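**Q** Structure in structure tokens, see below.
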Amino acid sequence: MAAIFAEIANILEIQESNPFRIRSFRRAAQIIENLSFNVTGTIQKDPGKLRAIPGIGDGTLQKIEELVKTGTCEELEKLKQEIPSSLLPMLKLQNLGPKKISVFWKKLNISTLEELEKAALQQKIRTLPGMGEKSEAKILKAIKNYRQIQGRFQLDDGIEISTNLVNYLKSKIKTNRIAAAGSVRRRRETVGDIDILITCKNSSKAIQTFVQHPDVTQVLASGNTKASIVLRRGLQADLRVLEDNSFGAALQYFTGSKAHNVALRERAKRMGYKINEYGLFKIQDGVKIAGAEEKEIYHLLELSFIPPEMREGRGEIEQADKQELPLLIEQKDIKGDLHMHTKATDGQNSIVEMATAGTKFGYDYIAITDHSQALAMARGLNEERLLQQIEEIDKVSAKIPKIKILKGIEVDILSGGKLDLRDQVLSKLDIVIASVHSQFNLSKMEMTDRICRAMENQYVNILAHPTGRLLTRREPYLIEMEKIIDAALQNRVCLEINAHPSRLDLSDVHCRMAKEMGVLLSINSDSHNLQMLNYMQYGVFTARRGWLTPNDVINTYPFKKLCRVLGKKEYN
DNA sequence: GCCGTTTTCGGCCCGACTGTTTTCAGTCG
């Protein structure tokens, strides 16, 4: 549904329709994408709930209703008749927007990427007003870049690359303050580019140093205060050079998201202020009243400080206005890790090694949860080997009393929702994690039923990585998340946030959905070796983006309380 | 298309960089 509204916006843009109407469609698309409830169900039960969201008006509501009822949208179908659909992908080319595309189409009858390339090669572009030789070269470059498109990167890569850039600049430039902003700071599951902010008296030296980084393959722009580069790995990075007294304002501005910033600037305007990357100004006399520190901006706008992870334009400003933001979970709240593998299956370390490492993280407990027999390629445990492992855990526990070691399993959900081990065996364990590792291409209904049935088993405590997605590599399998969450609630099953940076499943939006429906979560590293225990932080980031507090996450609980939840004696 | 402590009509977030101009339009974030 979000994609349909975005497509309407794109077509209207090429048609040079009213820009504010276009923005409204864009905004509607973004709102729908970020909703923490199911649109189809809500529009039938309680359309007022949607209409009450700022940015959703009568027109959008009507189109949503139409889409739910008929599956199509008359306006979009009409618009599609008016321009060739092959124009739309051209919007993705760098430095090419709706205006130019429209001109190419109308004046040179260009309607595909290939025709555009040909026209540039034949030097026809320069015949148009406002176009020259450089325009042609830029178009050809943009087409080349588009064809080797890199897409988005995992958060862990984004953090690594931005940290390296920050350290590189720190080592070469005299600076008071330097930080990575953007989606890296918001800890989004994937990042599209890197934004670095730096304060420096010698602005041109900072820019020069940046564009001369050894990994630069392309300089997209390089001005007095701003530069954009492409790094060897295909990731774009931007640098902004600032004065000390603007650093906080710039940090706010470039941390975004766009939706959050637009809402914040609208609020500022209503209050008689103007915000930009240099500070907060009074409109009346233009006097700057904040800029050095980010927290001043929120304070002067009469909002409680909004953590970067929440800045997605998902209602956080309204909550901050009422001083009712949730107190988000932090890494230090985590008291244990409930999902990890050992050498017995596809892990690389022993139980002793994992437990010892757990004590170094300051954990009170861990759970050993190796794979079950169906996962043959991981040498999954059958009943006999699982019983042996239980005995071994008892022995290790006696040796390392500092940490509680729960006996567990990550049991496969077979087709039809049956579990891979008998109840009789599962009953001997402290913790049972269920997950799907096979037959990914079932229909939405079949997959949902399969998972819901598995959760009905009385011994299942946690459903692991429910959508099976691998970020930037594998799409999630089709499931109806609302039904899964509801089944979890009915059966007192917790949902896992798999902290592996290529999974992060549940997603932030689904975390919030689960919380709102009253389901508990667990953040697990799914470690297959000692280093992977560090992944816990990414799970915490996602939980924070899903507005979770320690209370929503069972592995922040003291051991006794955790046991009551796992025994299904207590839930919420 | 959306919205209202100035408005049901008339506004709607803000600035940097580039290439083409000779004061600015288009694009981007």
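Labeling convention for the structure tokens: chains A, B, ... as they appear, residues from 1 per chain, ligands from 1 in order of appearance.
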Give one line per residue of chain B that approaches chain A to at most 8 Å, naming the two atoms of the closest pair and their distance in Å to one decimal, counting only C-alpha atoms (C1' of nucleotides); sort by chain then ascending residue number and deliver it as JSON lines.

**A**
```
{"residue": "B:DG1", "atom": "C1'", "partner": "A:Arg21", "partner_atom": "CA", "distance": 4.7}
{"residue": "B:DC2", "atom": "C1'", "partner": "A:Gly55", "partner_atom": "CA", "distance": 6.2}
{"residue": "B:DC12", "atom": "C1'", "partner": "A:Phe20", "partner_atom": "CA", "distance": 6.7}
{"residue": "B:DC13", "atom": "C1'", "partner": "A:Val262", "partner_atom": "CA", "distance": 5.8}
{"residue": "B:DC14", "atom": "C1'", "partner": "A:Asn276", "partner_atom": "CA", "distance": 6.2}
{"residue": "B:DG15", "atom": "C1'", "partner": "A:Asn276", "partner_atom": "CA", "distance": 7.8}
{"residue": "B:DA16", "atom": "C1'", "partner": "A:Lys226", "partner_atom": "CA", "distance": 7.2}
{"residue": "B:DC17", "atom": "C1'", "partner": "A:Gly223", "partner_atom": "CA", "distance": 6.6}
{"residue": "B:DG19", "atom": "C1'", "partner": "A:Lys134", "partner_atom": "CA", "distance": 7.5}
{"residue": "B:DT20", "atom": "C1'", "partner": "A:Gly130", "partner_atom": "CA", "distance": 5.4}
{"residue": "B:DT21", "atom": "C1'", "partner": "A:Gly130", "partner_atom": "CA", "distance": 7.8}
{"residue": "B:DG26", "atom": "C1'", "partner": "A:Lys99", "partner_atom": "CA", "distance": 7.4}
{"residue": "B:DT27", "atom": "C1'", "partner": "A:Asn95", "partner_atom": "CA", "distance": 5.4}
{"residue": "B:DC28", "atom": "C1'", "partner": "A:Asn95", "partner_atom": "CA", "distance": 7.7}
```

**Q** Would you mind listing what lies within 9 Å of Ile83 (chain A) as a ChimeraX atom specification, with only C-alpha atoms (C1' of nucleotides) counted and same-chain residues fewer than 5 positions away left out?

**A** /A:11,14-15,111

**Q** Considering only C-alpha atoms, can you say which of A:Gln218, A:Ala179, A:Thr209, A:Val68 comes closest to Ala142 (chain A)?

**A**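 Between A:Gln218, A:Ala179, A:Thr209, A:Val68, the residue approaching Ala142 (chain A) most closely is A:Gln218.
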
**Q** Could you pull the residues within 8 Å of Gly158 (chain A), counting only C-alpha atoms (C1' of nucleotides), minus those fewer than 4 positions along the same chain, as a PyMOL selection string?

**A** chain A and resi 153-154+162+184+190-191+193-194

**Q** Could those selected residues go to a file with N, CA, C and O atoms, as a PDB file, in the first residue's frame?

**A**
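Saved as out_8.pdb:
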```pdb
ATOM      1  N   PHE A 153      23.413  -1.221   3.174  1.00  0.00           N
ATOM      2  CA  PHE A 153      24.404  -2.027   3.886  1.00  0.00           C
ATOM      3  C   PHE A 153      23.896  -2.362   5.278  1.00  0.00           C
ATOM      4  O   PHE A 153      23.099  -1.638   5.854  1.00  0.00           O
ATOM      5  N   GLN A 154      24.390  -3.456   5.835  1.00  0.00           N
ATOM      6  CA  GLN A 154      24.014  -3.825   7.202  1.00  0.00           C
ATOM      7  C   GLN A 154      24.551  -2.793   8.192  1.00  0.00           C
ATOM      8  O   GLN A 154      25.600  -2.192   7.971  1.00  0.00           O
ATOM      9  N   SER A 162      31.863   4.000   9.372  1.00  0.00           N
ATOM     10  CA  SER A 162      31.801   5.371   9.883  1.00  0.00           C
ATOM     11  C   SER A 162      32.812   5.570  11.011  1.00  0.00           C
ATOM     12  O   SER A 162      33.435   6.628  11.117  1.00  0.00           O
ATOM     13  N   VAL A 184      23.025   5.656  10.727  1.00  0.00           N
ATOM     14  CA  VAL A 184      23.946   4.932  11.607  1.00  0.00           C
ATOM     15  C   VAL A 184      23.673   5.324  13.057  1.00  0.00           C
ATOM     16  O   VAL A 184      23.589   4.478  13.942  1.00  0.00           O
ATOM     17  N   THR A 190      19.523  -1.260   8.368  1.00  0.00           N
ATOM     18  CA  THR A 190      20.428  -1.093   7.232  1.00  0.00           C
ATOM     19  C   THR A 190      20.676   0.397   7.044  1.00  0.00           C
ATOM     20  O   THR A 190      19.858   1.220   7.427  1.00  0.00           O
ATOM     21  N   VAL A 191      21.833   0.719   6.433  1.00  0.00           N
ATOM     22  CA  VAL A 191      22.142   2.129   6.190  1.00  0.00           C
ATOM     23  C   VAL A 191      22.430   2.327   4.705  1.00  0.00           C
ATOM     24  O   VAL A 191      23.000   1.463   4.050  1.00  0.00           O
ATOM     25  N   ASP A 193      23.803   5.408   3.507  1.00  0.00           N
ATOM     26  CA  ASP A 193      25.022   6.206   3.390  1.00  0.00           C
ATOM     27  C   ASP A 193      25.520   6.589   4.785  1.00  0.00           C
ATOM     28  O   ASP A 193      24.874   6.309   5.789  1.00  0.00           O
ATOM     29  N   ILE A 194      26.675   7.224   4.821  1.00  0.00           N
ATOM     30  CA  ILE A 194      27.311   7.622   6.080  1.00  0.00           C
ATOM     31  C   ILE A 194      27.327   9.143   6.138  1.00  0.00           C
ATOM     32  O   ILE A 194      27.673   9.792   5.146  1.00  0.00           O
TER      33      ILE A 194
END
```

**Q** Among region 193-326 of chain A, which ones does DSSP assign to alpha helix (DSSP H) (computed from the backbone)? Answer as a ChimeraX atom specification.

**A** /A:203-211,247-255,258-270,294-300,316-321

**Q** Would you mind listing what lies within 9 Å of Leu128 (chain A) as a list in words, with only C-alpha atoms (C1' of nucleotides) counted and same-chain residues fewer than 6 positions away left out?

**A** Val103, Phe104, Lys107 and Leu108 of chain A

**Q** Using DSSP on the backbone coordinates, identify all residues within region 180-241 of chain A classified as strand (DSSP E); present the result as a ChimeraX atom specification.

**A** /A:180,190-191,193-199,216-222,226-231,236-241

**Q** Which residues come within 10 Å of Phe281 (chain A), counting only C-alpha atoms (C1' of nucleotides), excluding same-chain residues fewer than 4 positions away, as a PyMOL selection string?

**A** chain A and resi 268-269+272-276+285-291

**Q** Generate a file of the selected residues that holds all heavy atoms, formatted as an mmCIF file, in the first residue's frame.

**A**
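What follows is the written file part_31.cif:
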```cif
data_model
loop_
_atom_site.group_PDB
_atom_site.id
_atom_site.type_symbol
_atom_site.label_atom_id
_atom_site.label_comp_id
_atom_site.auth_asym_id
_atom_site.auth_seq_id
_atom_site.Cartn_x
_atom_site.Cartn_y
_atom_site.Cartn_z
ATOM 1 N N ALA A 268 8.473 23.809 15.448
ATOM 2 C CA ALA A 268 9.272 25.000 15.745
ATOM 3 C C ALA A 268 8.590 26.238 15.161
ATOM 4 O O ALA A 268 8.474 27.277 15.803
ATOM 5 C CB ALA A 268 10.670 24.842 15.167
ATOM 6 N N LYS A 269 8.147 26.075 13.947
ATOM 7 C CA LYS A 269 7.526 27.214 13.269
ATOM 8 C C LYS A 269 6.274 27.674 14.015
ATOM 9 O O LYS A 269 6.065 28.875 14.210
ATOM 10 C CB LYS A 269 7.176 26.812 11.840
ATOM 11 C CG LYS A 269 7.073 28.003 10.932
ATOM 12 C CD LYS A 269 6.963 27.623 9.491
ATOM 13 C CE LYS A 269 6.769 28.885 8.679
ATOM 14 N NZ LYS A 269 6.428 28.588 7.292
ATOM 15 N N GLY A 272 7.072 29.852 16.762
ATOM 16 C CA GLY A 272 7.762 31.101 16.462
ATOM 17 C C GLY A 272 9.265 30.949 16.327
ATOM 18 O O GLY A 272 10.017 31.910 16.471
ATOM 19 N N TYR A 273 9.711 29.715 16.051
ATOM 20 C CA TYR A 273 11.141 29.474 15.857
ATOM 21 C C TYR A 273 11.413 28.958 14.443
ATOM 22 O O TYR A 273 10.513 28.495 13.749
ATOM 23 C CB TYR A 273 11.651 28.403 16.827
ATOM 24 C CG TYR A 273 11.530 28.729 18.280
ATOM 25 C CD1 TYR A 273 10.865 27.847 19.134
ATOM 26 C CD2 TYR A 273 12.073 29.895 18.814
ATOM 27 C CE1 TYR A 273 10.753 28.117 20.491
ATOM 28 C CE2 TYR A 273 11.963 30.165 20.163
ATOM 29 C CZ TYR A 273 11.301 29.274 21.003
ATOM 30 O OH TYR A 273 11.198 29.551 22.328
ATOM 31 N N LYS A 274 12.685 29.024 14.072
ATOM 32 C CA LYS A 274 13.127 28.395 12.837
ATOM 33 C C LYS A 274 14.310 27.492 13.176
ATOM 34 O O LYS A 274 15.200 27.903 13.920
ATOM 35 C CB LYS A 274 13.570 29.484 11.847
ATOM 36 C CG LYS A 274 13.927 28.957 10.483
ATOM 37 C CD LYS A 274 14.431 30.086 9.581
ATOM 38 C CE LYS A 274 15.916 30.311 9.791
ATOM 39 N NZ LYS A 274 16.553 31.044 8.671
ATOM 40 N N ILE A 275 14.328 26.265 12.635
ATOM 41 C CA ILE A 275 15.493 25.397 12.856
ATOM 42 C C ILE A 275 16.182 25.132 11.531
ATOM 43 O O ILE A 275 15.531 24.851 10.536
ATOM 44 C CB ILE A 275 15.128 23.986 13.369
ATOM 45 C CG1 ILE A 275 13.940 23.998 14.293
ATOM 46 C CG2 ILE A 275 16.323 23.320 14.019
ATOM 47 C CD1 ILE A 275 13.603 22.608 14.788
ATOM 48 N N ASN A 276 17.477 25.176 11.536
ATOM 49 C CA ASN A 276 18.251 24.639 10.418
ATOM 50 C C ASN A 276 19.501 23.980 11.001
ATOM 51 O O ASN A 276 19.608 23.815 12.218
ATOM 52 C CB ASN A 276 18.586 25.730 9.391
ATOM 53 C CG ASN A 276 19.335 26.893 10.011
ATOM 54 O OD1 ASN A 276 20.028 26.721 11.009
ATOM 55 N ND2 ASN A 276 19.180 28.063 9.437
ATOM 56 N N ASP A 285 13.130 38.129 15.422
ATOM 57 C CA ASP A 285 14.304 38.989 15.255
ATOM 58 C C ASP A 285 15.518 38.232 14.724
ATOM 59 O O ASP A 285 16.608 38.795 14.615
ATOM 60 C CB ASP A 285 14.654 39.663 16.596
ATOM 61 C CG ASP A 285 14.689 38.659 17.732
ATOM 62 O OD1 ASP A 285 14.727 37.454 17.446
ATOM 63 O OD2 ASP A 285 14.687 39.089 18.906
ATOM 64 N N GLY A 286 15.324 36.941 14.405
ATOM 65 C CA GLY A 286 16.425 36.176 13.843
ATOM 66 C C GLY A 286 17.523 35.834 14.836
ATOM 67 O O GLY A 286 18.580 35.349 14.443
ATOM 68 N N VAL A 287 17.278 36.060 16.123
ATOM 69 C CA VAL A 287 18.319 35.795 17.123
ATOM 70 C C VAL A 287 18.463 34.292 17.341
ATOM 71 O O VAL A 287 17.479 33.564 17.486
ATOM 72 C CB VAL A 287 17.966 36.493 18.463
ATOM 73 C CG1 VAL A 287 18.922 36.048 19.576
ATOM 74 C CG2 VAL A 287 18.038 38.005 18.291
ATOM 75 N N LYS A 288 19.715 33.838 17.358
ATOM 76 C CA LYS A 288 19.979 32.412 17.584
ATOM 77 C C LYS A 288 19.936 32.123 19.074
ATOM 78 O O LYS A 288 20.606 32.795 19.863
ATOM 79 C CB LYS A 288 21.362 32.080 17.008
ATOM 80 C CG LYS A 288 21.820 30.659 17.246
ATOM 81 C CD LYS A 288 23.006 30.352 16.343
ATOM 82 C CE LYS A 288 23.718 29.089 16.763
ATOM 83 N NZ LYS A 288 24.807 28.738 15.831
ATOM 84 N N ILE A 289 19.140 31.132 19.460
ATOM 85 C CA ILE A 289 19.051 30.849 20.898
ATOM 86 C C ILE A 289 19.573 29.461 21.274
ATOM 87 O O ILE A 289 19.610 29.116 22.447
ATOM 88 C CB ILE A 289 17.608 31.047 21.429
ATOM 89 C CG1 ILE A 289 16.611 30.264 20.577
ATOM 90 C CG2 ILE A 289 17.238 32.526 21.434
ATOM 91 C CD1 ILE A 289 15.209 30.328 21.126
ATOM 92 N N ALA A 290 19.960 28.663 20.287
ATOM 93 C CA ALA A 290 20.587 27.373 20.600
ATOM 94 C C ALA A 290 21.332 26.875 19.381
ATOM 95 O O ALA A 290 21.086 27.341 18.266
ATOM 96 C CB ALA A 290 19.538 26.354 21.029
ATOM 97 N N GLY A 291 22.236 25.914 19.579
ATOM 98 C CA GLY A 291 22.971 25.357 18.443
ATOM 99 C C GLY A 291 24.149 24.479 18.838
ATOM 100 O O GLY A 291 24.464 23.529 18.152
#
```

**Q** Fewer than 4 positions away in the same chain doesn't count, so skip those; otherwise give me all residues within 10 Å of Glu33 (chain A), counting only C-alpha atoms (C1' of nucleotides), as JSON, numbers by chain.

**A** {"A": [1, 2, 3, 27, 28, 29, 39, 509]}

**Q** I'd like the neighbourhood of Ser507 (chain A) as a VMD selection string, where a residue qualifies if any of its atoms comes within 9 Å (using only C-alpha atoms (C1' of nucleotides)), though same-chain residues fewer than 3 positions away should be ignored.

**A** chain A and resid 189 497 503 to 504 510 to 512 542 to 543 545 to 546
